[in-house]
>>> print(open('coords_14.txt').read())   # compact mmCIF, C-alpha atoms
# COMPACT_ATOMS: atom_id res chain seq x y z
CA MET A 733 95.48 177.86 80.82
CA TYR A 734 95.92 174.12 80.67
CA ALA A 735 94.15 172.53 83.63
CA TYR A 736 97.12 170.63 85.09
CA ILE A 737 99.21 173.71 85.75
CA PRO A 738 97.70 174.50 89.20
CA LEU A 739 98.14 170.89 90.30
CA ILE A 740 101.77 170.84 89.22
CA TRP A 741 102.28 174.29 90.76
CA LYS A 742 101.05 173.04 94.13
CA ASP A 743 103.26 169.96 93.91
CA MET A 744 106.27 172.18 93.21
CA VAL A 745 105.58 174.49 96.16
CA LEU A 746 104.97 171.57 98.52
CA SER A 747 108.19 169.87 97.46
CA LEU A 748 110.29 173.05 97.70
CA ALA A 749 108.74 174.84 100.67
CA GLY A 750 106.10 172.70 102.36
CA PRO A 751 102.38 172.93 103.16
CA GLU A 752 102.60 176.06 105.31
CA THR A 753 104.06 178.05 102.42
CA TRP A 754 101.35 176.69 100.11
CA ALA A 755 98.67 177.83 102.57
CA ASN A 756 100.31 181.28 102.74
CA ILE A 757 100.43 181.49 98.95
CA LEU A 758 96.72 180.68 98.69
CA LEU A 759 95.95 183.32 101.30
CA GLU A 760 98.10 185.92 99.51
CA ALA A 761 96.46 185.04 96.18
CA GLY A 762 92.97 185.33 97.67
CA ILE A 763 92.15 181.72 96.86
CA SER A 764 89.86 180.03 99.36
CA SER A 765 89.48 176.27 99.79
CA GLU A 766 86.19 176.49 97.84
CA ILE A 767 88.15 177.85 94.88
CA GLU A 768 91.28 175.72 95.37
CA GLU A 769 89.44 172.39 95.12
CA PRO A 770 87.94 172.91 91.64
CA LEU A 771 91.15 174.60 90.49
CA LEU A 772 93.25 171.59 91.46
CA ASN A 773 90.70 169.06 90.19
CA LYS A 774 90.88 170.57 86.72
CA LYS A 775 87.30 171.86 86.91
CA THR A 776 88.32 175.50 86.70
CA ARG A 777 90.53 177.02 84.04
CA ARG A 778 90.78 180.61 85.17
CA GLU A 779 93.98 182.33 84.15
CA ASP A 780 93.41 185.12 86.67
CA LEU A 781 93.77 182.55 89.45
CA ILE A 782 96.94 181.13 87.90
CA PHE A 783 98.46 184.60 87.69
CA ALA A 784 97.43 185.31 91.30
CA LEU A 785 99.16 182.08 92.37
CA PHE A 786 102.23 183.08 90.39
CA GLY A 787 102.48 186.52 92.00
CA ALA A 788 101.86 185.16 95.49
CA THR A 789 104.45 182.43 94.99
CA CYS A 790 107.07 184.96 93.89
CA LYS A 791 106.36 186.99 97.00
CA LYS A 792 106.14 184.19 99.56
CA MET A 793 109.12 182.26 98.24
CA ALA A 794 111.19 185.41 97.57
CA LEU A 795 111.92 184.39 93.99
CA SER A 796 112.16 186.51 90.88
CA ARG A 797 109.70 185.86 88.08
CA ASP A 798 112.42 184.26 85.93
CA ASP A 799 113.74 182.06 88.75
CA LEU A 800 110.23 180.88 89.56
CA LEU A 801 109.47 180.06 85.92
CA ARG A 802 112.74 178.15 85.64
CA ALA A 803 111.91 176.17 88.79
CA PHE A 804 108.45 175.42 87.44
CA GLY A 805 109.83 174.31 84.07
CA ARG A 806 112.15 171.82 85.77
CA HIS A 807 109.39 170.61 88.07
CA PHE A 808 106.94 170.25 85.16
CA VAL A 809 109.21 167.69 83.50
CA SER A 810 109.81 165.67 86.67
CA PHE A 811 106.11 165.78 87.62
CA THR A 812 105.11 164.57 84.17
CA LEU A 813 107.52 161.65 84.42
CA ARG A 814 106.41 160.77 87.98
CA SER A 815 102.75 160.90 86.95
CA GLY A 816 102.99 157.86 84.72
CA ASN A 817 103.50 159.78 81.50
CA GLY A 818 107.10 158.75 80.98
CA ALA A 819 106.29 156.16 78.32
CA PHE A 820 104.13 158.65 76.46
CA LEU A 821 106.87 161.28 76.54
CA ARG A 822 109.51 158.80 75.42
CA SER A 823 107.27 157.77 72.52
CA GLN A 824 107.46 161.34 71.24
CA GLY A 825 111.14 160.95 70.34
CA VAL A 826 114.28 159.34 71.70
CA THR A 827 116.44 162.41 71.07
CA LEU A 828 115.75 166.00 72.05
CA PRO A 829 115.43 167.17 68.41
CA ALA A 830 112.98 164.34 67.64
CA PHE A 831 110.99 165.08 70.80
CA LEU A 832 110.78 168.80 70.01
CA GLU A 833 109.52 168.03 66.52
CA ASN A 834 106.52 166.30 68.14
CA VAL A 835 105.67 168.83 70.87
CA ASN A 836 103.11 170.68 68.74
CA ALA A 837 101.37 167.41 67.85
CA THR A 838 101.20 166.61 71.56
CA HIS A 839 99.69 170.01 72.26
CA ASN A 840 97.16 169.45 69.46
CA TYR A 841 96.23 166.14 71.08
CA PHE A 842 95.59 167.87 74.43
CA GLU A 843 93.57 170.63 72.75
CA ARG A 844 90.86 168.07 71.93
CA ASP A 845 90.02 167.77 75.63
CA HIS A 846 90.90 171.36 76.46
CA PRO A 847 89.58 173.51 73.59
CA ASN A 848 90.21 176.78 75.42
CA ALA A 849 93.82 175.96 76.22
CA LYS A 850 96.46 178.32 74.84
CA PHE A 851 99.45 176.15 74.07
CA PRO A 852 102.68 177.60 72.73
CA PHE A 853 104.01 176.79 69.29
CA ILE A 854 107.54 175.41 69.13
CA GLU A 855 109.63 175.19 66.00
CA SER A 856 112.94 173.38 66.10
CA LYS A 857 115.61 173.06 63.46
CA TYR A 858 118.39 170.61 64.14
CA ASP A 859 121.66 170.73 62.23
CA PRO A 860 123.28 167.30 62.66
CA VAL A 861 126.55 168.44 61.09
CA ALA A 862 127.07 171.27 63.56
CA ASP A 863 125.08 169.43 66.27
CA THR A 864 123.11 172.59 66.98
CA LEU A 865 119.46 173.18 67.61
CA LEU A 866 117.63 176.40 66.78
CA LEU A 867 114.47 176.68 68.84
CA THR A 868 111.70 179.18 68.23
CA TYR A 869 109.10 179.45 70.98
CA LEU A 870 105.91 181.39 70.32
CA SER A 871 103.31 182.07 72.98
CA ILE A 872 100.57 184.61 73.51
CA ARG A 873 101.84 184.91 77.08
CA GLU A 874 104.68 187.34 77.56
CA GLY A 875 107.68 186.49 79.69
CA VAL A 876 107.44 182.70 79.77
CA SER A 877 110.71 181.95 77.99
CA PRO A 878 112.48 180.96 81.26
CA LEU A 879 109.81 178.26 81.65
CA GLN A 880 110.47 176.66 78.28
CA ALA A 881 114.24 177.00 78.64
CA SER A 882 114.29 175.10 81.93
CA SER A 883 111.78 172.52 80.67
CA ARG A 884 114.01 171.89 77.65
CA ARG A 885 117.13 171.52 79.82
CA SER A 886 115.33 169.10 82.13
CA ALA A 887 114.16 166.98 79.24
>>> encode(input="coords_14.txt", output="structure tokens")
Amino acid sequence: MYAYIPLIWKDMVLSLAGPETWANILLEAGISSEIEEPLLNKKTRREDLIFALFGATCKKMALSRDDLLRAFGRHFVSFTLRSGNGAFLRSQGVTLPAFLENVNATHNYFERDHPNAKFPFIESKYDPVADTLLLTYLSIREGVSPLQASSRRSA
């Protein structure tokens, strides 16, 4: 899984629930400080740890899987903008249809530095006459559609 996810996940939990909840999530997930440090510093890309964080966050924050993914999708967009990547994101398209047309190219760019990453594939078809957008989201991970839906709305 892409290396920034744990860092953004922590930022979301801290902003929504505070440091005590984050500490409880780590404890529930079985993640010690020796594991947390390389995970957050993008030195570890272990999906089992990400899924453990996800399950522990659902439990400790009393959120359903879908609600948690929606919250993360919204937070992902705001974190990306706050992290100095706003200009980069804006350069990918000034409208939502234009931006979505470039998402796969952006993922391909990131894959150079993260060859084991498993990015989704997004196909968008915009009909300017009807002003509608048909979005197809393909991922090897099941159940992540609430994440992309909330990310898209936040964009």
>>> residues_around(input="coords_14.txt", residues="Phe831 (chain A)", least_positions_apart="5", cutoff="12 Å", atoms="all atoms listed in the file", output="PyMOL selection string")
chain A and resi 820-826+836-838+854-858+884+887
>>> atom_distance(input="coords_14.txt", atom1="CA of Ala755 (chain A)", atom2="CA of Leu800 (chain A)")
17.7 Å
>>> residues_around(input="coords_14.txt", residues="Lys791 (chain A)", least_positions_apart="6", cutoff="10 Å", atoms="all atoms listed in the file", output="VMD selection string")
chain A and resid 757 760 785 797
>>> closest_residue(input="coords_14.txt", among="A:Trp754, A:Phe851, A:Phe804, A:Phe811", to="Ala788 (chain A)", atoms="all atoms listed in the file")
A:Trp754
>>> atom_distance(input="coords_14.txt", atom1="CA of Val809 (chain A)", atom2="CA of Gly787 (chain A)")
21.7 Å
>>> atom_distance(input="coords_14.txt", atom1="CA of Gly762 (chain A)", atom2="CA of Ala784 (chain A)")
7.8 Å
>>> residues_near_point(input="coords_14.txt", point="(91.6, 175.0, 89.1)", cutoff="12 Å", atoms="only C-alpha atoms", output="PyMOL selection string")
chain A and resi 733-742+763-783+785
>>> axis_aligned_box(input="coords_14.txt", around="region 781-796 of chain A", padding_each_side="8 Å", output="lines of an AutoDock Vina configuration file")
center_x = 103.0
center_y = 184.1
center_z = 93.6
size_x = 34.4
size_y = 21.9
size_z = 27.9
>>> residues_around(input="coords_14.txt", residues="Asn756 (chain A)", least_positions_apart="4", cutoff="9 Å", atoms="all atoms listed in the file", output="ChimeraX atom specification")
/A:751-752,760-761,788-789,792
>>> write_last_selection(input="coords_14.txt", atoms="C-alpha atoms", output="tab-separated table (two decimals), in the frame of the given file")
chain	number	residue	atom	x	y	z
A	751	PRO	CA	102.38	172.93	103.16
A	752	GLU	CA	102.60	176.06	105.31
A	760	GLU	CA	98.10	185.92	99.51
A	761	ALA	CA	96.46	185.04	96.18
A	788	ALA	CA	101.86	185.16	95.49
A	789	THR	CA	104.45	182.43	94.99
A	792	LYS	CA	106.14	184.19	99.56
>>> closest_residue(input="coords_14.txt", among="A:Leu795, A:Cys790, A:Leu865, A:Leu758", to="Pro829 (chain A)", atoms="all atoms listed in the file")
A:Leu865
>>> decode(input="coords_14.txt", residues="region 784-862 of chain A", atoms="C-alpha atoms", output="PDB file, in the first residue's frame")
ATOM      1  CA  ALA A 784      -4.822  -3.732  11.480  1.00  0.00           C
ATOM      2  CA  LEU A 785      -4.936   0.069  11.851  1.00  0.00           C
ATOM      3  CA  PHE A 786      -8.173   0.156   9.877  1.00  0.00           C
ATOM      4  CA  GLY A 787      -9.876  -2.462  12.059  1.00  0.00           C
ATOM      5  CA  ALA A 788      -8.648  -0.881  15.276  1.00  0.00           C
ATOM      6  CA  THR A 789      -9.788   2.562  14.134  1.00  0.00           C
ATOM      7  CA  CYS A 790     -13.273   1.269  13.328  1.00  0.00           C
ATOM      8  CA  LYS A 791     -13.469  -0.250  16.794  1.00  0.00           C
ATOM      9  CA  LYS A 792     -11.982   2.604  18.824  1.00  0.00           C
ATOM     10  CA  MET A 793     -13.840   5.355  16.988  1.00  0.00           C
ATOM     11  CA  ALA A 794     -17.094   3.355  16.754  1.00  0.00           C
ATOM     12  CA  LEU A 795     -17.371   3.905  13.012  1.00  0.00           C
ATOM     13  CA  SER A 796     -18.586   1.554  10.324  1.00  0.00           C
ATOM     14  CA  ARG A 797     -16.143   0.529   7.614  1.00  0.00           C
ATOM     15  CA  ASP A 798     -17.929   2.715   5.044  1.00  0.00           C
ATOM     16  CA  ASP A 799     -18.082   5.761   7.337  1.00  0.00           C
ATOM     17  CA  LEU A 800     -14.395   5.417   8.156  1.00  0.00           C
ATOM     18  CA  LEU A 801     -13.425   5.121   4.487  1.00  0.00           C
ATOM     19  CA  ARG A 802     -15.527   8.183   3.653  1.00  0.00           C
ATOM     20  CA  ALA A 803     -13.844  10.151   6.445  1.00  0.00           C
ATOM     21  CA  PHE A 804     -10.437   9.053   5.212  1.00  0.00           C
ATOM     22  CA  GLY A 805     -11.256   9.997   1.621  1.00  0.00           C
ATOM     23  CA  ARG A 806     -12.207  13.519   2.697  1.00  0.00           C
ATOM     24  CA  HIS A 807      -9.151  13.809   4.918  1.00  0.00           C
ATOM     25  CA  PHE A 808      -6.850  12.511   2.159  1.00  0.00           C
ATOM     26  CA  VAL A 809      -7.794  15.442  -0.074  1.00  0.00           C
ATOM     27  CA  SER A 810      -7.384  18.079   2.644  1.00  0.00           C
ATOM     28  CA  PHE A 811      -4.091  16.552   3.836  1.00  0.00           C
ATOM     29  CA  THR A 812      -2.726  16.531   0.299  1.00  0.00           C
ATOM     30  CA  LEU A 813      -3.603  20.194  -0.135  1.00  0.00           C
ATOM     31  CA  ARG A 814      -2.151  21.156   3.281  1.00  0.00           C
ATOM     32  CA  SER A 815       1.061  19.257   2.532  1.00  0.00           C
ATOM     33  CA  GLY A 816       2.143  21.615  -0.214  1.00  0.00           C
ATOM     34  CA  ASN A 817       0.777  19.539  -3.073  1.00  0.00           C
ATOM     35  CA  GLY A 818      -2.021  21.915  -3.999  1.00  0.00           C
ATOM     36  CA  ALA A 819      -0.203  23.348  -7.013  1.00  0.00           C
ATOM     37  CA  PHE A 820       0.608  19.857  -8.263  1.00  0.00           C
ATOM     38  CA  LEU A 821      -3.006  18.753  -7.890  1.00  0.00           C
ATOM     39  CA  ARG A 822      -4.310  21.883  -9.604  1.00  0.00           C
ATOM     40  CA  SER A 823      -1.908  21.265 -12.495  1.00  0.00           C
ATOM     41  CA  GLN A 824      -3.674  17.962 -13.129  1.00  0.00           C
ATOM     42  CA  GLY A 825      -6.823  19.744 -14.315  1.00  0.00           C
ATOM     43  CA  VAL A 826      -8.907  22.785 -13.480  1.00  0.00           C
ATOM     44  CA  THR A 827     -12.207  20.901 -13.686  1.00  0.00           C
ATOM     45  CA  LEU A 828     -13.149  17.630 -12.044  1.00  0.00           C
ATOM     46  CA  PRO A 829     -13.447  15.778 -15.391  1.00  0.00           C
ATOM     47  CA  ALA A 830     -10.016  17.048 -16.488  1.00  0.00           C
ATOM     48  CA  PHE A 831      -8.494  16.131 -13.128  1.00  0.00           C
ATOM     49  CA  LEU A 832      -9.958  12.612 -13.227  1.00  0.00           C
ATOM     50  CA  GLU A 833      -8.558  12.081 -16.711  1.00  0.00           C
ATOM     51  CA  ASN A 834      -5.073  12.600 -15.229  1.00  0.00           C
ATOM     52  CA  VAL A 835      -5.367  10.519 -12.047  1.00  0.00           C
ATOM     53  CA  ASN A 836      -3.927   7.378 -13.641  1.00  0.00           C
ATOM     54  CA  ALA A 837      -0.949   9.324 -14.983  1.00  0.00           C
ATOM     55  CA  THR A 838      -0.369  10.661 -11.467  1.00  0.00           C
ATOM     56  CA  HIS A 839      -0.492   7.137 -10.079  1.00  0.00           C
ATOM     57  CA  ASN A 840       1.965   6.005 -12.763  1.00  0.00           C
ATOM     58  CA  TYR A 841       4.294   8.814 -11.701  1.00  0.00           C
ATOM     59  CA  PHE A 842       4.171   7.636  -8.061  1.00  0.00           C
ATOM     60  CA  GLU A 843       4.740   4.019  -9.086  1.00  0.00           C
ATOM     61  CA  ARG A 844       8.282   4.936 -10.166  1.00  0.00           C
ATOM     62  CA  ASP A 845       9.241   5.530  -6.533  1.00  0.00           C
ATOM     63  CA  HIS A 846       6.887   2.906  -5.137  1.00  0.00           C
ATOM     64  CA  PRO A 847       7.067  -0.099  -7.491  1.00  0.00           C
ATOM     65  CA  ASN A 848       5.095  -2.360  -5.152  1.00  0.00           C
ATOM     66  CA  ALA A 849       2.228   0.083  -4.750  1.00  0.00           C
ATOM     67  CA  LYS A 850      -1.199  -1.098  -5.860  1.00  0.00           C
ATOM     68  CA  PHE A 851      -2.947   1.969  -7.191  1.00  0.00           C
ATOM     69  CA  PRO A 852      -6.512   1.849  -8.465  1.00  0.00           C
ATOM     70  CA  PHE A 853      -7.420   2.495 -12.076  1.00  0.00           C
ATOM     71  CA  ILE A 854      -9.977   5.222 -12.702  1.00  0.00           C
ATOM     72  CA  GLU A 855     -11.822   5.734 -15.958  1.00  0.00           C
ATOM     73  CA  SER A 856     -13.999   8.788 -16.390  1.00  0.00           C
ATOM     74  CA  LYS A 857     -16.302   9.739 -19.220  1.00  0.00           C
ATOM     75  CA  TYR A 858     -17.699  13.235 -19.169  1.00  0.00           C
ATOM     76  CA  ASP A 859     -20.737  14.195 -21.234  1.00  0.00           C
ATOM     77  CA  PRO A 860     -20.662  18.003 -21.523  1.00  0.00           C
ATOM     78  CA  VAL A 861     -24.136  18.132 -23.080  1.00  0.00           C
ATOM     79  CA  ALA A 862     -25.797  16.328 -20.184  1.00  0.00           C
TER      80      ALA A 862
END
